[in-house]
$ cat coords-v3.cif   # mmCIF, C-alpha atoms
data_entry
#
loop_
_atom_site.label_atom_id
_atom_site.label_comp_id
_atom_site.auth_asym_id
_atom_site.auth_seq_id
_atom_site.Cartn_x
_atom_site.Cartn_y
_atom_site.Cartn_z
CA MET A 1 0.00 0.00 0.00
CA PRO A 2 1.26 3.51 -0.74
CA PRO A 3 2.24 5.65 2.22
CA TYR A 4 0.11 8.55 3.37
CA LEU A 5 2.12 11.72 3.02
CA LEU A 6 1.82 14.25 5.81
CA GLY A 7 3.67 17.47 6.60
CA LEU A 8 4.61 17.52 10.28
CA ARG A 9 4.78 20.90 12.00
CA LEU A 10 7.43 20.17 14.60
CA GLY A 11 7.95 23.62 16.10
CA GLY A 12 8.78 23.19 19.79
CA ARG A 13 8.06 19.45 19.75
CA ARG A 14 10.52 16.87 21.05
CA VAL A 15 12.12 14.63 18.42
CA LEU A 16 14.40 11.80 19.50
CA VAL A 17 17.33 10.82 17.30
CA VAL A 18 19.19 7.66 18.29
CA GLY A 19 22.57 7.46 16.59
CA GLY A 20 25.25 10.05 15.87
CA GLY A 21 26.72 9.07 12.53
CA ARG A 22 26.38 10.36 8.99
CA VAL A 23 22.66 9.62 8.70
CA ALA A 24 21.96 11.61 11.85
CA GLN A 25 24.17 14.41 10.55
CA ARG A 26 21.96 14.65 7.44
CA ARG A 27 18.65 14.52 9.28
CA VAL A 28 19.23 16.68 12.35
CA PRO A 29 19.65 19.98 10.45
CA ALA A 30 16.34 19.42 8.66
CA LEU A 31 14.63 18.76 11.99
CA LEU A 32 16.14 21.94 13.41
CA ASP A 33 14.97 23.90 10.38
CA ALA A 34 11.46 22.64 11.16
CA GLY A 35 11.79 24.03 14.70
CA ALA A 36 12.01 20.66 16.45
CA ASP A 37 13.43 20.25 19.95
CA VAL A 38 16.02 17.62 19.03
CA VAL A 39 17.33 15.17 21.63
CA LEU A 40 20.26 13.08 20.42
CA VAL A 41 21.28 9.82 22.13
CA SER A 42 24.60 8.30 21.10
CA PRO A 43 27.97 7.51 22.73
CA GLU A 44 29.79 9.24 19.87
CA VAL A 45 28.72 11.81 17.29
CA THR A 46 30.23 13.51 14.27
CA ALA A 47 32.08 16.78 14.70
CA THR A 48 29.18 18.68 13.12
CA LEU A 49 26.67 17.23 15.58
CA GLN A 50 29.01 17.91 18.47
CA GLY A 51 29.22 21.52 17.35
CA LEU A 52 25.42 21.77 17.35
CA ALA A 53 25.33 20.39 20.89
CA GLU A 54 28.03 22.77 22.12
CA ARG A 55 26.10 25.72 20.70
CA GLY A 56 22.94 24.56 22.46
CA ARG A 57 21.10 23.76 19.24
CA ILE A 58 20.44 20.16 20.32
CA THR A 59 20.48 18.16 23.54
CA TRP A 60 23.07 15.37 23.42
CA HIS A 61 23.00 12.44 25.87
CA ARG A 62 26.44 10.90 25.49
CA ARG A 63 25.49 7.26 26.11
CA PRO A 64 23.86 4.29 24.40
CA TYR A 65 20.11 4.08 23.91
CA GLU A 66 18.12 3.09 26.99
CA ARG A 67 14.54 1.94 27.21
CA GLY A 68 12.39 4.92 28.13
CA ASP A 69 14.24 7.39 25.88
CA CYS A 70 11.22 7.63 23.59
CA ALA A 71 9.01 9.03 26.35
CA GLY A 72 7.63 12.43 25.47
CA ALA A 73 8.77 12.35 21.85
CA TRP A 74 6.46 13.17 18.95
CA LEU A 75 8.77 11.56 16.41
CA VAL A 76 11.66 9.10 16.70
CA GLN A 77 14.55 8.53 14.30
CA ALA A 78 16.50 5.27 14.72
CA VAL A 79 19.70 5.83 12.74
CA THR A 80 22.42 3.78 14.43
CA ASP A 81 24.53 1.21 12.58
CA ASP A 82 23.27 -1.54 14.93
CA ALA A 83 20.16 -3.30 13.62
CA LYS A 84 19.19 -4.62 17.06
CA VAL A 85 19.31 -1.16 18.63
CA ASN A 86 17.25 0.30 15.80
CA GLY A 87 14.72 -2.50 16.21
CA ASP A 88 14.46 -1.89 19.96
CA VAL A 89 13.95 1.85 19.44
CA VAL A 90 11.17 1.30 16.90
CA ALA A 91 9.50 -1.32 19.13
CA GLU A 92 9.43 1.09 22.07
CA ALA A 93 8.06 3.89 19.88
CA ASP A 94 5.37 1.59 18.45
CA ALA A 95 4.29 0.53 21.92
CA ALA A 96 3.91 4.20 22.88
CA ARG A 97 2.12 5.01 19.56
CA ILE A 98 4.89 7.35 18.48
CA TRP A 99 5.75 7.50 14.80
CA SER A 100 9.30 6.36 14.10
CA VAL A 101 11.69 6.06 11.18
CA ARG A 102 14.18 3.21 10.93
CA ALA A 103 17.07 4.14 8.63
CA ASP A 104 18.53 0.65 8.07
CA ASP A 105 15.38 -1.32 7.15
CA ALA A 106 12.65 0.38 5.12
CA GLU A 107 10.31 -2.62 5.32
CA SER A 108 10.41 -2.60 9.12
CA SER A 109 10.08 1.16 9.41
CA PRO A 110 6.63 2.47 10.40
CA ALA A 111 7.38 5.76 8.60
CA TRP A 112 9.66 6.76 5.77
CA THR A 113 11.66 9.93 5.34
CA PRO A 114 11.10 11.29 1.83
CA ALA A 115 13.75 12.76 -0.41
CA SER A 116 12.95 16.37 0.41
CA GLY A 117 14.02 19.77 -0.78
CA HIS A 118 13.09 23.41 -0.49
CA ALA A 119 12.67 26.16 -3.03
CA GLY A 120 11.47 29.41 -1.54
CA ASP A 121 8.32 28.68 0.44
CA ALA A 122 7.75 25.34 -1.32
CA THR A 123 8.69 22.03 0.31
CA VAL A 124 8.98 19.00 -1.94
CA GLY A 125 8.93 15.40 -0.71
CA VAL A 126 9.22 12.29 -2.88
CA LEU A 127 8.74 8.64 -1.87
CA LEU A 128 9.33 5.80 -4.30
CA GLY A 129 8.84 2.68 -2.20
CA GLY A 130 12.42 2.06 -1.18
CA ASP A 131 14.28 3.54 -4.15
CA PRO A 132 15.98 6.56 -2.55
CA ARG A 133 18.21 7.39 -5.52
CA ARG A 134 15.31 7.64 -7.96
CA ALA A 135 13.32 9.60 -5.39
CA ALA A 136 16.22 12.03 -4.98
CA GLY A 137 16.48 12.44 -8.75
CA ILE A 138 12.81 13.32 -9.09
CA ARG A 139 13.05 15.61 -6.06
CA ASP A 140 15.96 17.46 -7.66
CA ALA A 141 14.09 17.90 -10.93
CA VAL A 142 11.02 19.33 -9.20
CA VAL A 143 13.04 21.64 -6.95
CA GLU A 144 15.04 22.90 -9.92
CA GLY A 145 11.82 23.54 -11.82
CA ILE A 146 10.50 25.64 -8.96
CA ARG A 147 13.78 27.48 -8.54
CA ASP A 148 14.10 28.46 -12.19
CA GLY A 149 10.43 29.37 -12.39
CA ALA A 150 9.43 26.60 -14.81
CA LEU A 151 6.93 25.18 -12.30
CA GLU A 152 5.88 28.48 -10.72
CA SER A 153 2.29 29.65 -10.99
CA ARG A 154 1.56 33.31 -11.65
CA HIS A 155 -1.99 32.70 -10.42
CA SER A 156 -1.16 31.54 -6.91
CA ARG A 157 -3.49 32.57 -4.10
CA ARG A 158 -0.36 33.85 -2.34
CA LYS A 159 0.98 35.80 -5.29
CA PRO A 160 3.15 38.74 -4.20
CA ALA A 161 1.80 42.27 -4.44
CA GLY A 162 3.40 45.58 -5.22
CA VAL A 163 6.98 45.86 -6.43
CA ALA A 164 10.00 43.60 -6.06
CA LEU A 165 13.44 45.13 -6.51
CA VAL A 166 15.41 42.13 -7.75
CA GLY A 167 19.17 42.05 -8.08
CA GLY A 168 19.98 40.09 -11.22
CA GLY A 169 23.66 39.60 -10.45
CA PRO A 170 26.72 40.51 -12.53
CA GLY A 171 25.39 39.40 -15.92
CA ASP A 172 25.40 35.62 -16.21
CA PRO A 173 21.71 34.54 -15.93
CA GLY A 174 22.77 31.60 -13.77
CA LEU A 175 23.99 33.95 -11.04
CA ILE A 176 20.60 35.41 -10.11
CA THR A 177 19.39 34.26 -6.70
CA VAL A 178 16.79 31.52 -6.33
CA ARG A 179 14.32 33.97 -4.80
CA GLY A 180 14.92 36.48 -7.57
CA ARG A 181 14.18 33.91 -10.24
CA GLN A 182 11.01 32.79 -8.48
CA LEU A 183 9.62 36.31 -8.27
CA LEU A 184 10.57 37.01 -11.87
CA ALA A 185 8.50 34.01 -12.94
CA MET A 186 5.48 35.44 -11.11
CA ALA A 187 5.74 38.95 -12.54
CA ASP A 188 3.03 40.67 -14.57
CA VAL A 189 5.37 43.53 -15.46
CA VAL A 190 9.19 43.55 -15.60
CA VAL A 191 11.05 46.86 -15.65
CA THR A 192 14.57 45.98 -16.70
CA ASP A 193 17.82 47.87 -17.15
CA ARG A 194 20.83 47.56 -19.43
CA LEU A 195 22.96 45.54 -17.03
CA ALA A 196 20.25 43.08 -15.99
CA PRO A 197 20.70 39.48 -17.26
CA GLY A 198 18.72 39.76 -20.49
CA GLY A 199 18.68 36.02 -21.10
CA LEU A 200 16.12 35.66 -18.31
CA LEU A 201 13.60 37.72 -20.26
CA ASP A 202 13.28 34.95 -22.86
CA GLU A 203 11.85 32.68 -20.17
CA LEU A 204 8.93 34.98 -19.33
CA ALA A 205 5.38 34.15 -20.37
CA ALA A 206 4.20 35.86 -23.54
CA ASP A 207 1.72 38.09 -21.70
CA VAL A 208 4.31 39.57 -19.32
CA GLU A 209 4.91 43.22 -20.15
CA VAL A 210 8.61 44.09 -20.36
CA ILE A 211 9.58 47.76 -20.02
CA ASP A 212 13.08 48.69 -21.17
CA ALA A 213 14.45 51.26 -18.72
CA ALA A 214 18.02 51.16 -20.03
CA LYS A 215 20.48 53.91 -19.22
CA ILE A 216 23.20 53.77 -21.86
CA PRO A 217 26.36 55.70 -20.91
CA TYR A 218 26.62 58.85 -23.04
CA GLY A 219 23.53 57.71 -24.99
CA ARG A 220 19.77 57.26 -24.73
CA THR A 221 18.36 56.96 -21.26
CA VAL A 222 15.15 56.69 -19.27
CA THR A 223 15.10 59.09 -16.36
CA GLN A 224 14.98 57.77 -12.83
CA ASP A 225 11.80 59.76 -12.20
CA ARG A 226 10.07 57.98 -15.08
CA ILE A 227 11.24 54.58 -13.82
CA ASN A 228 9.79 55.36 -10.40
CA GLU A 229 6.49 56.30 -12.02
CA TYR A 230 6.39 53.03 -14.01
CA LEU A 231 6.70 51.02 -10.82
CA VAL A 232 3.89 52.79 -8.99
CA GLU A 233 1.55 53.06 -11.99
CA HIS A 234 1.53 49.34 -12.71
CA ALA A 235 1.48 48.27 -9.05
CA ARG A 236 -1.60 50.44 -8.43
CA GLN A 237 -3.33 48.59 -11.26
CA GLY A 238 -3.00 45.40 -9.21
CA ARG A 239 -0.11 44.03 -11.24
CA PHE A 240 2.95 42.47 -9.63
CA VAL A 241 5.99 44.44 -10.81
CA VAL A 242 9.58 43.19 -10.81
CA ARG A 243 12.29 45.79 -11.18
CA LEU A 244 15.12 43.66 -12.57
CA LYS A 245 18.48 45.31 -12.03
CA GLY A 246 22.08 44.33 -12.61
CA GLY A 247 24.16 43.46 -9.55
CA ASP A 248 22.52 44.35 -6.24
CA PRO A 249 19.68 46.90 -6.08
CA PHE A 250 21.29 48.78 -3.19
CA VAL A 251 24.89 48.87 -4.50
CA PHE A 252 25.00 51.82 -6.90
CA GLY A 253 21.69 50.60 -8.28
CA ARG A 254 19.45 53.44 -7.06
CA GLY A 255 17.26 50.83 -5.43
CA GLY A 256 16.96 53.00 -2.34
CA GLU A 257 15.41 55.79 -4.39
CA GLU A 258 12.89 53.39 -5.94
CA ALA A 259 12.01 51.86 -2.57
CA LEU A 260 11.44 55.32 -1.08
CA TYR A 261 9.25 56.42 -3.98
CA CYS A 262 7.09 53.29 -3.72
CA ALA A 263 6.81 53.63 0.07
CA ARG A 264 5.73 57.27 -0.22
CA HIS A 265 2.97 56.23 -2.61
CA GLY A 266 1.73 53.34 -0.47
CA VAL A 267 3.12 50.55 -2.66
CA PRO A 268 4.63 47.54 -0.82
CA VAL A 269 8.22 46.76 -1.76
CA THR A 270 10.19 43.50 -1.56
CA VAL A 271 13.96 43.74 -1.89
CA VAL A 272 15.85 40.71 -3.21
CA PRO A 273 19.63 41.17 -2.89
CA GLY A 274 21.81 40.27 -5.82
CA ILE A 275 25.45 39.35 -6.29
CA THR A 276 27.21 42.67 -6.80
CA SER A 277 29.55 42.89 -9.77
CA ALA A 278 32.07 44.63 -7.49
CA VAL A 279 32.93 41.24 -6.00
CA ALA A 280 31.63 38.77 -8.59
CA VAL A 281 33.46 40.13 -11.62
CA PRO A 282 36.92 40.10 -9.99
CA SER A 283 36.16 36.58 -8.75
CA ALA A 284 35.19 35.48 -12.26
CA ALA A 285 38.58 36.71 -13.42
CA GLY A 286 40.33 34.83 -10.62
CA ILE A 287 41.02 37.93 -8.52
CA PRO A 288 40.24 37.70 -4.78
CA VAL A 289 39.36 41.15 -3.44
CA THR A 290 40.88 40.10 -0.11
CA HIS A 291 43.72 37.65 0.50
CA ARG A 292 45.47 36.68 3.71
CA GLY A 293 48.71 38.56 4.12
CA VAL A 294 47.96 40.80 1.13
CA SER A 295 44.76 42.75 1.73
CA GLN A 296 42.48 42.84 4.75
CA GLU A 297 40.08 45.39 3.28
CA PHE A 298 38.51 46.43 0.02
CA HIS A 299 36.81 49.63 -1.04
CA VAL A 300 34.05 49.79 -3.65
CA VAL A 301 33.91 53.14 -5.42
CA SER A 302 31.47 54.58 -7.94
CA ALA A 303 33.60 56.69 -10.28
CA HIS A 304 30.78 58.21 -12.31
CA VAL A 305 32.28 61.60 -11.41
CA PRO A 306 36.07 62.12 -11.38
CA PRO A 307 38.31 63.14 -8.48
CA GLY A 308 37.98 66.84 -7.76
CA HIS A 309 34.45 67.11 -9.14
CA PRO A 310 32.09 69.07 -6.86
CA GLY A 311 29.62 66.18 -6.92
CA SER A 312 32.14 63.60 -5.72
CA THR A 313 31.87 62.33 -2.14
CA VAL A 314 34.85 59.96 -2.45
CA ASP A 315 37.87 60.60 -0.22
CA TRP A 316 40.51 59.96 -2.85
CA ALA A 317 43.28 61.09 -0.51
CA ALA A 318 42.34 58.37 2.00
CA LEU A 319 42.22 55.76 -0.77
CA GLY A 320 45.64 56.84 -1.96
CA ARG A 321 47.09 56.44 1.54
CA ALA A 322 45.36 53.09 2.17
CA SER A 323 46.87 49.76 1.16
CA GLY A 324 43.67 47.78 0.65
CA THR A 325 42.06 46.73 -2.61
CA ILE A 326 40.09 49.32 -4.57
CA VAL A 327 37.27 48.16 -6.84
CA LEU A 328 36.17 50.86 -9.27
CA LEU A 329 32.81 50.87 -11.05
CA MET A 330 31.94 53.23 -13.92
CA ALA A 331 35.58 54.25 -14.21
CA VAL A 332 36.37 53.57 -17.87
CA GLU A 333 36.13 57.17 -19.12
CA ARG A 334 37.87 58.62 -16.06
CA MET A 335 40.68 56.16 -15.39
CA GLU A 336 43.50 58.58 -16.25
CA LEU A 337 42.24 61.13 -13.71
CA ILE A 338 41.64 58.43 -11.09
CA ALA A 339 45.10 56.88 -11.50
CA SER A 340 46.73 60.31 -11.27
CA ALA A 341 44.83 61.11 -8.08
CA LEU A 342 45.71 57.82 -6.40
CA MET A 343 49.39 58.21 -7.26
CA ARG A 344 49.36 61.83 -6.11
CA TYR A 345 48.01 60.76 -2.72
CA GLY A 346 50.46 57.93 -2.13
CA ARG A 347 49.78 54.85 -4.25
CA SER A 348 52.84 53.60 -6.11
CA SER A 349 52.79 53.82 -9.89
CA ASP A 350 53.79 50.13 -9.86
CA THR A 351 50.60 49.08 -8.06
CA PRO A 352 49.05 46.18 -10.03
CA VAL A 353 45.76 46.90 -11.79
CA ALA A 354 43.32 44.60 -13.59
CA VAL A 355 40.45 45.64 -15.84
CA VAL A 356 37.68 43.13 -16.52
CA GLN A 357 35.16 43.89 -19.25
CA ASP A 358 31.80 42.06 -19.62
CA GLY A 359 32.52 40.06 -16.47
CA THR A 360 30.80 36.63 -16.13
CA LEU A 361 29.50 36.86 -19.72
CA PRO A 362 30.76 34.78 -22.69
CA GLY A 363 32.69 37.80 -23.99
CA GLN A 364 34.56 38.43 -20.75
CA ARG A 365 38.08 39.72 -21.28
CA ALA A 366 40.69 41.16 -18.97
CA LEU A 367 43.91 43.11 -19.10
CA THR A 368 46.53 43.75 -16.44
CA ALA A 369 48.74 46.78 -16.06
CA THR A 370 50.06 49.08 -13.36
CA LEU A 371 48.55 52.24 -11.96
CA GLY A 372 51.01 54.22 -14.07
CA THR A 373 50.16 52.44 -17.34
CA VAL A 374 46.54 51.38 -17.00
CA ALA A 375 44.91 54.38 -18.68
CA GLY A 376 47.02 53.93 -21.79
CA ALA A 377 46.51 50.16 -21.80
CA MET A 378 42.74 50.60 -21.60
CA ALA A 379 42.76 53.04 -24.50
CA ALA A 380 44.96 50.77 -26.60
CA ASP A 381 42.74 47.78 -25.86
CA GLU A 382 39.58 49.82 -26.54
CA VAL A 383 37.96 48.91 -23.23
CA ARG A 384 34.29 49.84 -23.11
CA PRO A 385 31.70 49.76 -20.31
CA PRO A 386 30.68 47.72 -18.44
CA ALA A 387 34.10 47.08 -16.94
CA ILE A 388 35.39 46.67 -13.40
CA VAL A 389 38.80 48.01 -12.40
CA VAL A 390 40.69 46.35 -9.53
CA VAL A 391 43.62 48.21 -7.96
CA GLY A 392 45.91 46.43 -5.54
CA ASP A 393 48.34 43.62 -4.89
CA VAL A 394 45.54 41.02 -5.05
CA VAL A 395 45.92 41.25 -8.83
CA ASP A 396 49.27 39.49 -8.45
CA VAL A 397 47.52 36.66 -6.57
CA ALA A 398 45.44 36.03 -9.69
CA ARG A 399 48.59 36.00 -11.80
CA GLU A 400 50.15 33.41 -9.48
CA ILE A 401 47.04 31.23 -9.74
CA ASP A 402 47.18 31.47 -13.54
CA MET A 403 50.87 30.51 -13.58
CA ILE A 404 50.23 27.45 -11.43
CA ARG A 405 47.34 26.40 -13.67
CA ALA A 406 49.51 26.83 -16.75
CA ASP A 407 52.20 24.61 -15.25
CA MET A 408 49.75 21.82 -14.38
CA GLY A 409 50.14 18.88 -16.70
CA ARG A 410 53.48 19.99 -18.09
CA ASP A 411 56.40 17.61 -18.05
CA PRO A 412 58.85 18.32 -15.21
#

$ encode --input "coords-v3.cif" --output "structure tokens"
Amino acid sequence: MPPYLLGLRLGGRRVLVVGGGRVAQRRVPALLDAGADVVLVSPEVTATLQGLAERGRITWHRRPYERGDCAGAWLVQAVTDDAKVNGDVVAEADAARIWSVRADDAESSPAWTPASGHAGDATVGVLLGGDPRRAAGIRDAVVEGIRDGALESRHSRRKPAGVALVGGGPGDPGLITVRGRQLLAMADVVVTDRLAPGGLLDELAADVEVIDAAKIPYGRTVTQDRINEYLVEHARQGRFVVRLKGGDPFVFGRGGEEALYCARHGVPVTVVPGITSAVAVPSAAGIPVTHRGVSQEFHVVSAHVPPGHPGSTVDWAALGRASGTIVLLMAVERMELIASALMRYGRSSDTPVAVVQDGTLPGQRALTATLGTVAGAMAADEVRPPAIVVVGDVVDVAREIDMIRADMGRDP
């Protein structure tokens, strides 16, 4: 007979786990996520379980199972590597009418643990009568479908309202967050910008309205005021609006302005953080923005106005004196002035610099230079936005990594 699937709400309820090995290590975190009061009985446990006990997340009785341990439990997990102990635990639980799961013998187990997964607010559980690998495969397919929006319903009774400011990440569509992709699949209107991952737009339903709010440097643009109006206009019509932005909405993305405008007009706002290009693009080029013994700090700077401009709030003198990594956004047209300022305030002209254009995208390319030569190198290489500039000794770490990779496989 097929099992009867049931979702247990374990918040604050005692769950007994007998056994402290790898099976327990897999199951205890899921029980904790469900809010269970986990009591673990085992003479020895894995380091991970011991850490949970030391932090007070679980109660660990450091001894073998004893009759009476099941008392007061709502659910019992018998996960030792001793079949007799597991059988005794299940027998005690059965006698007390407590549901139990026996990990070593599915046929003797009163209850089964499904292959489960989570995607947003959805929980997926799959049982296939003792075939855990096939169950896990189906579970993965369903969870992936929910995560990428393929199985999401735009007509859910719990459909979001208002506006979602969604960070699309540095460019590669695969780097948007799970939550961002879910909300995008539920959108009625998508207001997108130039740096948002455009490939995701092809996955939208045909009736989703897409509004191009691109701001092209030194070219055509949609004003920020008009973008704000788009968001409120469509949300007030009862449509769920996703503002899809490159990077993170609150890192030089003007997301704060959009959130304020919506709030002032009574429109609810959900903010979904994204992976900022300030960190992701250097990483994609093999450059760590921090590295032990090299840089303990990094500074992210918007260089849309040059040093010395009345509208600049950047302390270029402090950056010149500092030794940490500097990550420059929107610096392509002003790199000569920036390099001069940094050298004037103390940075060596030999400081390594890397410039990464179209980071995380198929056309990604990078050049390396020094602070004294980078402006000329960028001009010679015809670097165009979007590009990220990294200033600091961490650039040499990337070079070392590349050298090691190049030597791998060569004859000694």

$ closest_residue --input "coords-v3.cif" --among "A:Ile338, A:Val394, A:Ala53, A:Val305" --to "A:Pro352" --atoms "all atoms listed in the file"
A:Val394

$ atom_distance --input "coords-v3.cif" --atom1 "atom CA of A:Val222" --atom2 "atom CA of A:Cys262"
17.8 Å

$ closest_residue --input "coords-v3.cif" --among "A:Val327, A:Ala375, A:Ile176, A:Val124" --to "A:Gly199" --atoms "only C-alpha atoms"
A:Ile176

$ closest_atom_pairs --input "coords-v3.cif" --of "stretch 181-202 of chain A" --to "stretch 274-285 of chain A" --cutoff "12 Å" --atoms "all atoms listed in the file" --output "tab-separated table"
residue	atom	partner	partner_atom	distance
A:Arg181	CA	A:Gly274	CA	10.9
A:Leu195	CA	A:Ser277	CA	10.2
A:Ala196	CA	A:Gly274	CA	10.7
A:Pro197	CA	A:Gly274	CA	11.5

$ write_last_selection --input "coords-v3.cif" --atoms "C-alpha atoms" --output "JSON list (two decimals), keeping the file's coordinate frame"
[["chain", "number", "residue", "atom", "x", "y", "z"],
["A", 181, "ARG", "CA", 14.18, 33.91, -10.24],
["A", 195, "LEU", "CA", 22.96, 45.54, -17.03],
["A", 196, "ALA", "CA", 20.25, 43.08, -15.99],
["A", 197, "PRO", "CA", 20.70, 39.48, -17.26]]

$ residues_around --input "coords-v3.cif" --residues "stretch 40-47 of chain A" --least-positions-apart "3" --cutoff "6 Å" --atoms "only C-alpha atoms" --output "list of chain:residue names"
A:Val17, A:Val18, A:Gly19, A:Gly20, A:Gly21, A:Gln50, A:Thr59, A:Trp60, A:His61, A:Arg62, A:Arg63, A:Pro64

$ closest_residue --input "coords-v3.cif" --among "A:Leu127, A:Ala187, A:Asp82, A:Gly87" --to "A:Arg67" --atoms "all atoms listed in the file"
A:Gly87

$ closest_residue --input "coords-v3.cif" --among "A:Thr113, A:Ser100, A:Gln364, A:Thr48" --to "A:Val383" --atoms "all atoms listed in the file"
A:Gln364

$ resolve_selection --input "coords-v3.cif" --expression "the PyMOL selection byres ((chain A and resi 157-174) around 6)" --output "ChimeraX atom specification"
/A:156,175-176,180,196-197,235,240-249,267-277,360-361
